[in-house]
Amino acid sequence: MSLIGPSKYGSDFKHYDYVNPEAPKGGTLNSVVIGSYDSFNPYVVRGTPAAGLANFGGGLLYDTLFEQSTDEPSTSYAMVAEAVRYPKDDSSVTFRLNPKARWHDGQPITVEDVIWSFETLKTLNPQWASYYKNVVKAEKTGDRQVTFSFDQTGNRELPQIMGDLTVLPKHWWEGTGPNGKKRDISQPTVEPPLGSGAYTIGHFVVGKSIEWDRVKDYWAANAPPHVGRNNFDRIDFTYLRDSNAAWEAFKKGGLDDYRAENISRRWATEYGFPAFKAGKVKKMTVPDHQVASMQAYVLNNRLPKFQDRRVREALTFAFNFQEMNRTLFYGLYQRQLSYFENSELAAKGLPSPGELQFLTPLKAKIPPEVLTEEFKLPVYTDEKSTRENLRKAYDLLKQAGYALKGTRLVDKSGKPLAIEMLGNDPSDTRTLEPYARSLRRLGIDATVRIVDSNQYIERMQNFDFEMTAMKYYPQSLSPGNEQRDFWSSAAADAPGSRNYAGIKNPAVDTLINDIVYAKNREDLVAATRALDRVMLWEFYVVPQWYKPEDWIAYWNKFGMSGKHPAYSSVDPYAWWIKAAAKDAATGSAKP
């Protein structure tokens, strides 16, 4: 299934071209996770799920009907379902299940499992309710066939969205646990669930560690998307308190075998520790062809203090990216200028005729600049530009009704403008504090508060924050229904949704529907750019930065093919342990 064009792999697809199909199995992949966990159920809002689980997609434990490609955008391959069909008007989709698909207990994956999974996920989490909003019915239409019916036609993405459905074992979740009580999927649990995927939960200490064991008789081990992948016999996750502890663990070795580096200072200056000098640790830079989804200081627009667009624009003018890039990031980052950066979906220049067909009907509901000006962010080059940008910010705040009283900015009632910046790691102060200092120059009482990871997750799920720095959930090159969960009015007050900024805008809602029901690729791109423009000009967030490449550091224990997936940049599950290759060659494989 593909939303963009024919797959580069034809009907004789045997494996991805970046993998080694003869990669040996064996050994352990060690990884570090920050914080803690208290649940093996990632599908409910309550609790913090363990590493290896995922609330979208199957993670290490479960399979989906179709599996998203690591090597191509918006392309999926048969997995639990072996075939799919849908009518030209996209009013429904029918999947035929693979008779080989099995749970880890040997029972077949059934149509009843699929229907129960769909109906259950919709009730568990507002994210899924929004994602499946237009799916009105799931029914058995054959011995191994399930059909999903939609309430509208023309949603090109819906058939593929249903292919992403995580299939859960109905018989296990409706069964009785070791404690003699009936299981309840609506609640967190620390009983390892039955799965169907390449790995299963092994030894664990709740909150501290979890081991995943490779399933030796995994039913889909020879499926083309899995050949040459899932090569580790065990995947160990160890939880540590913060990012500094994780960095020390990586340098020492044994707990963390590779890391995607996201701190420019560290990448530029701190890879001189003994193991690196000795060649035991390597670095590589890999081009990233995925959409660079928005990374920003996110404002909670539910709060009265952020209701005025002029206040939000003033906060944008107060951010000095150039100085931060120079003094903290060694000039390695680029400014984030779009919610869909690094892709053809990003709005550039003035609106095109294609975009105007979506924007013009909304003229009375959107900022006038959307139609007449190119969106640009303030540039800080010297002291003069600094004064000009801060003056612009202050003028906007004055227009919004604020005034300086001594050194404090207050509203008409004399209440100071105060903003708490929320972080979840001590290292967050590095990027929060410089911005806070800039805001204080305007008279804003800006403070930084760091909480532990679990508290941060809970507060974000319940939108209990004023401002935070974060990167949004990854975007695809074929945006669709998930945009409702990111930006729609319906998601703004639904705990657990990803509309962190609390956007409630009828124009945004309309443009989301234009994306969802785009008739072709050209309309999809135009509608997405139109949405991008409106949200940028509304200043819901203060855009930060991105890099069009990934920085990877790893202990020199891995074998690699020398190729990387064309779309997802790096696929560590296609690596293998070099010692396992030696054992295979000598016939001395170890457990």
# chains A, B, ... in the order shown; residues from 1 in each chain; ligands from 1
>>> residues_around(residues="Leu439 of chain A", least_positions_apart="5", cutoff="10 Å", atoms="only C-alpha atoms", output="PyMOL selection string")
chain A and resi 314-315+317-319+390+393+418-419+433-434+444-447
>>> residues_around(residues="Asn134 of chain A", least_positions_apart="3", cutoff="8 Å", atoms="only C-alpha atoms", output="list in words")
Phe150, Asp151 and Gln152 of chain A
>>> residues_around(residues="segment 207-209 of chain A", least_positions_apart="3", cutoff="9 Å", atoms="only C-alpha atoms", output="list in words")
Val33, Gly35, Ser36, Tyr37, Asp38, Ser39, Ala50, Ala51, His203, Phe204, Asp236, Phe237, Thr238, Tyr239 and Leu240 of chain A
>>> write_last_selection(atoms="N, CA and C atoms", output="compact mmCIF listing (two decimals), in the first residue's frame")
# COMPACT_ATOMS: atom_id res chain seq x y z
N VAL A 33 17.41 4.37 29.08
CA VAL A 33 16.18 5.17 29.01
C VAL A 33 16.18 6.10 30.22
N GLY A 35 14.36 8.16 33.18
CA GLY A 35 13.13 8.19 33.97
C GLY A 35 12.78 6.85 34.58
N SER A 36 11.55 6.41 34.39
CA SER A 36 11.05 5.19 35.00
C SER A 36 9.84 4.71 34.21
N TYR A 37 9.28 3.57 34.61
CA TYR A 37 8.04 3.09 34.00
C TYR A 37 7.24 2.33 35.05
N ASP A 38 5.94 2.21 34.80
CA ASP A 38 5.09 1.50 35.76
C ASP A 38 3.99 0.68 35.08
N SER A 39 4.12 0.44 33.77
CA SER A 39 3.04 -0.28 33.09
C SER A 39 3.54 -0.95 31.81
N ALA A 50 6.62 0.87 29.54
CA ALA A 50 8.03 0.48 29.48
C ALA A 50 8.58 0.64 28.08
N ALA A 51 9.89 0.85 27.99
CA ALA A 51 10.57 0.95 26.71
C ALA A 51 10.37 -0.33 25.91
N HIS A 203 13.07 -10.87 31.64
CA HIS A 203 13.26 -10.41 33.01
C HIS A 203 13.05 -8.89 33.09
N PHE A 204 12.46 -8.45 34.18
CA PHE A 204 12.27 -7.00 34.36
C PHE A 204 12.22 -6.66 35.84
N ASP A 236 18.17 -5.07 25.97
CA ASP A 236 18.08 -4.67 27.38
C ASP A 236 17.93 -3.15 27.49
N PHE A 237 16.94 -2.71 28.24
CA PHE A 237 16.76 -1.30 28.55
C PHE A 237 17.01 -1.08 30.03
N THR A 238 17.90 -0.16 30.35
CA THR A 238 18.18 0.21 31.74
C THR A 238 17.78 1.66 31.95
N TYR A 239 17.03 1.92 33.01
CA TYR A 239 16.54 3.27 33.29
C TYR A 239 17.52 4.02 34.20
N LEU A 240 17.82 5.25 33.82
CA LEU A 240 18.68 6.12 34.61
C LEU A 240 17.95 7.43 34.90
>>> atom_distance(atom1="atom CA of Gln475 of chain A", atom2="atom CA of Gly195 of chain A")
27.2 Å
>>> select_by_dssp(residues="segment 393-463 of chain A", states="strand (DSSP E)", output="ChimeraX atom specification")
/A:403-405,408-410,418-423,445-450
>>> residues_around(residues="Tyr394 of chain A", least_positions_apart="5", cutoff="10 Å", atoms="only C-alpha atoms", output="PDB file with C-alpha atoms, in the first residue's frame")
ATOM      1  CA  VAL A 311       1.437  38.391  23.044  1.00  0.00           C
ATOM      2  CA  ALA A 314       5.978  39.212  21.009  1.00  0.00           C
ATOM      3  CA  LEU A 315       7.337  36.021  22.581  1.00  0.00           C
ATOM      4  CA  PHE A 317      10.363  38.254  18.593  1.00  0.00           C
ATOM      5  CA  ALA A 318      12.081  37.850  21.965  1.00  0.00           C
ATOM      6  CA  GLU A 388      14.982  46.360  17.330  1.00  0.00           C
ATOM      7  CA  ASN A 389      13.545  42.899  17.933  1.00  0.00           C
ATOM      8  CA  GLN A 399      -0.784  46.885  22.064  1.00  0.00           C
ATOM      9  CA  ALA A 400      -2.047  43.851  23.995  1.00  0.00           C
ATOM     10  CA  TYR A 402       0.636  45.531  29.040  1.00  0.00           C
ATOM     11  CA  ALA A 403       2.841  48.282  30.474  1.00  0.00           C
ATOM     12  CA  LEU A 404       6.055  48.511  32.476  1.00  0.00           C
ATOM     13  CA  LEU A 409       5.405  44.059  32.828  1.00  0.00           C
ATOM     14  CA  ARG A 441      14.589  41.967  29.679  1.00  0.00           C
ATOM     15  CA  LEU A 442      11.020  42.765  28.601  1.00  0.00           C
ATOM     16  CA  GLY A 443       9.801  42.731  32.199  1.00  0.00           C
TER      17      GLY A 443
END
>>> atom_distance(atom1="atom CA of Met470 of chain A", atom2="atom CA of Leu29 of chain A")
27.4 Å
>>> closest_residue(among="A:Gly10, A:Gly279, A:Gly480, A:Gly5", to="Leu158 of chain A", atoms="only C-alpha atoms")
A:Gly480
>>> atom_distance(atom1="atom CA of Trp555 of chain A", atom2="atom CA of Gly253 of chain A")
7.6 Å
>>> select_by_dssp(residues="segment 352-522 of chain A", states="helix (DSSP H, G or I)", output="PyMOL selection string")
chain A and resi 353-365+369-372+383-399+426-441+453-461+482-487+489-492+506-516+521-522
>>> closest_residue(among="A:Arg302, A:Lys100, A:Lys133, A:Lys252", to="Tyr218 of chain A", atoms="only C-alpha atoms")
A:Lys100
>>> closest_residue(among="A:Leu396, A:Leu168, A:Ala574, A:Val136", to="Pro225 of chain A", atoms="only C-alpha atoms")
A:Ala574
>>> closest_residue(among="A:Val45, A:Ile512, A:Leu299, A:Leu65", to="Gln187 of chain A", atoms="only C-alpha atoms")
A:Val45
>>> residues_around(residues="Val227 of chain A", least_positions_apart="3", cutoff="6 Å", atoms="only C-alpha atoms", output="list in words")
His15, Pro21, Asn222 and Pro224 of chain A
>>> write_last_selection(atoms="C-alpha atoms", output="CSV table (one decimal), in the first residue's frame")
chain,number,residue,atom,x,y,z
A,15,HIS,CA,14.1,-7.9,1.8
A,21,PRO,CA,19.9,-10.9,4.6
A,222,ASN,CA,10.9,-14.6,7.0
A,224,PRO,CA,10.3,-9.5,3.5
>>> residues_around(residues="segment 82-94 of chain A", least_positions_apart="6", cutoff="6 Å", atoms="only C-alpha atoms", output="PyMOL selection string")
chain A and resi 146-150+153-154+159
>>> residues_around(residues="Trp103 of chain A", least_positions_apart="4", cutoff="12 Å", atoms="only C-alpha atoms", output="short mmCIF file (atom, residue, chain, number, x, y, z; two decimals) with N, CA, C and O atoms, in the first residue's frame")
data_model
loop_
_atom_site.label_atom_id
_atom_site.label_comp_id
_atom_site.auth_asym_id
_atom_site.auth_seq_id
_atom_site.Cartn_x
_atom_site.Cartn_y
_atom_site.Cartn_z
N LEU A 61 6.46 -5.79 20.74
CA LEU A 61 5.61 -6.88 21.21
C LEU A 61 4.55 -7.33 20.21
O LEU A 61 4.23 -8.52 20.13
N TYR A 62 3.99 -6.40 19.46
CA TYR A 62 2.83 -6.72 18.61
C TYR A 62 3.12 -6.47 17.13
O TYR A 62 3.96 -5.65 16.78
N ASP A 63 2.36 -7.14 16.31
CA ASP A 63 2.36 -6.88 14.87
C ASP A 63 1.12 -6.09 14.49
O ASP A 63 0.10 -6.11 15.21
N VAL A 80 0.20 -9.02 9.44
CA VAL A 80 -0.88 -9.89 9.93
C VAL A 80 -1.90 -10.13 8.82
O VAL A 80 -2.46 -11.21 8.68
N PRO A 99 -2.93 -16.76 7.23
CA PRO A 99 -3.21 -17.94 8.07
C PRO A 99 -2.02 -18.35 8.94
O PRO A 99 -2.19 -19.10 9.90
N GLN A 107 -1.70 -19.73 19.36
CA GLN A 107 -3.04 -19.57 18.81
C GLN A 107 -3.02 -18.64 17.60
O GLN A 107 -2.23 -17.69 17.55
N PRO A 108 -3.90 -18.88 16.62
CA PRO A 108 -3.92 -18.02 15.42
C PRO A 108 -4.48 -16.63 15.75
O PRO A 108 -5.31 -16.47 16.65
N ILE A 109 -4.02 -15.64 15.00
CA ILE A 109 -4.59 -14.30 15.08
C ILE A 109 -5.86 -14.30 14.23
O ILE A 109 -5.81 -14.64 13.05
N THR A 110 -6.95 -13.90 14.83
CA THR A 110 -8.25 -14.05 14.18
C THR A 110 -8.88 -12.71 13.82
O THR A 110 -8.47 -11.65 14.29
N ASP A 113 -10.00 -10.97 16.85
CA ASP A 113 -8.94 -10.18 17.50
C ASP A 113 -8.85 -8.79 16.88
O ASP A 113 -8.71 -7.79 17.58
N VAL A 167 -2.81 -5.16 16.37
CA VAL A 167 -3.74 -6.24 16.69
C VAL A 167 -3.38 -6.82 18.05
O VAL A 167 -2.23 -7.23 18.29
N LEU A 168 -4.35 -6.83 18.95
CA LEU A 168 -4.16 -7.29 20.33
C LEU A 168 -4.89 -8.62 20.54
O LEU A 168 -5.91 -8.88 19.89
N PRO A 169 -4.40 -9.46 21.47
CA PRO A 169 -5.01 -10.79 21.70
C PRO A 169 -6.25 -10.70 22.57
O PRO A 169 -6.16 -10.56 23.79
N LYS A 170 -7.40 -10.80 21.98
CA LYS A 170 -8.66 -10.71 22.72
C LYS A 170 -8.73 -11.78 23.81
O LYS A 170 -9.11 -11.48 24.95
N HIS A 171 -8.35 -12.99 23.49
CA HIS A 171 -8.50 -14.09 24.45
C HIS A 171 -7.63 -13.88 25.68
O HIS A 171 -7.99 -14.29 26.79
N TRP A 172 -6.48 -13.21 25.50
CA TRP A 172 -5.60 -12.98 26.67
C TRP A 172 -6.14 -11.85 27.53
O TRP A 172 -6.26 -11.99 28.75
N PRO A 193 2.17 -8.81 28.85
CA PRO A 193 1.08 -9.25 27.98
C PRO A 193 1.56 -10.26 26.94
O PRO A 193 2.73 -10.31 26.56
N LEU A 194 0.61 -11.04 26.45
CA LEU A 194 0.86 -11.93 25.33
C LEU A 194 1.01 -11.09 24.07
O LEU A 194 0.26 -10.14 23.85
N GLY A 195 1.98 -11.43 23.24
CA GLY A 195 2.20 -10.67 22.03
C GLY A 195 2.27 -11.56 20.80
O GLY A 195 2.01 -12.77 20.85
N SER A 196 2.64 -10.92 19.67
CA SER A 196 2.76 -11.65 18.41
C SER A 196 4.03 -11.26 17.67
O SER A 196 4.32 -11.81 16.62
N GLY A 197 4.80 -10.28 18.19
CA GLY A 197 5.91 -9.69 17.47
C GLY A 197 7.21 -10.45 17.60
O GLY A 197 7.27 -11.57 18.12
N ALA A 198 8.28 -9.80 17.16
CA ALA A 198 9.59 -10.45 17.11
C ALA A 198 10.20 -10.65 18.48
O ALA A 198 11.12 -11.47 18.64
N TYR A 199 9.72 -9.93 19.49
CA TYR A 199 10.29 -10.02 20.84
C TYR A 199 9.17 -10.18 21.87
O TYR A 199 8.02 -9.81 21.63
N THR A 200 9.55 -10.71 23.02
CA THR A 200 8.64 -10.86 24.14
C THR A 200 9.35 -10.41 25.41
O THR A 200 10.59 -10.43 25.48
N VAL A 215 11.94 -13.92 19.89
CA VAL A 215 11.09 -15.09 19.76
C VAL A 215 11.69 -15.99 18.69
O VAL A 215 11.71 -15.64 17.51
N ASP A 217 10.77 -18.79 17.35
CA ASP A 217 9.86 -19.32 16.32
C ASP A 217 8.88 -18.26 15.85
O ASP A 217 7.73 -18.57 15.53
N TYR A 218 9.34 -17.02 15.81
CA TYR A 218 8.49 -15.90 15.39
C TYR A 218 7.89 -16.20 14.02
O TYR A 218 8.58 -16.50 13.05
N TRP A 219 6.57 -16.05 13.94
CA TRP A 219 5.85 -16.48 12.75
C TRP A 219 6.23 -15.67 11.51
O TRP A 219 6.15 -16.18 10.38
N ALA A 220 6.63 -14.38 11.68
CA ALA A 220 6.92 -13.52 10.54
C ALA A 220 8.41 -13.27 10.34
O ALA A 220 8.80 -12.30 9.69
#
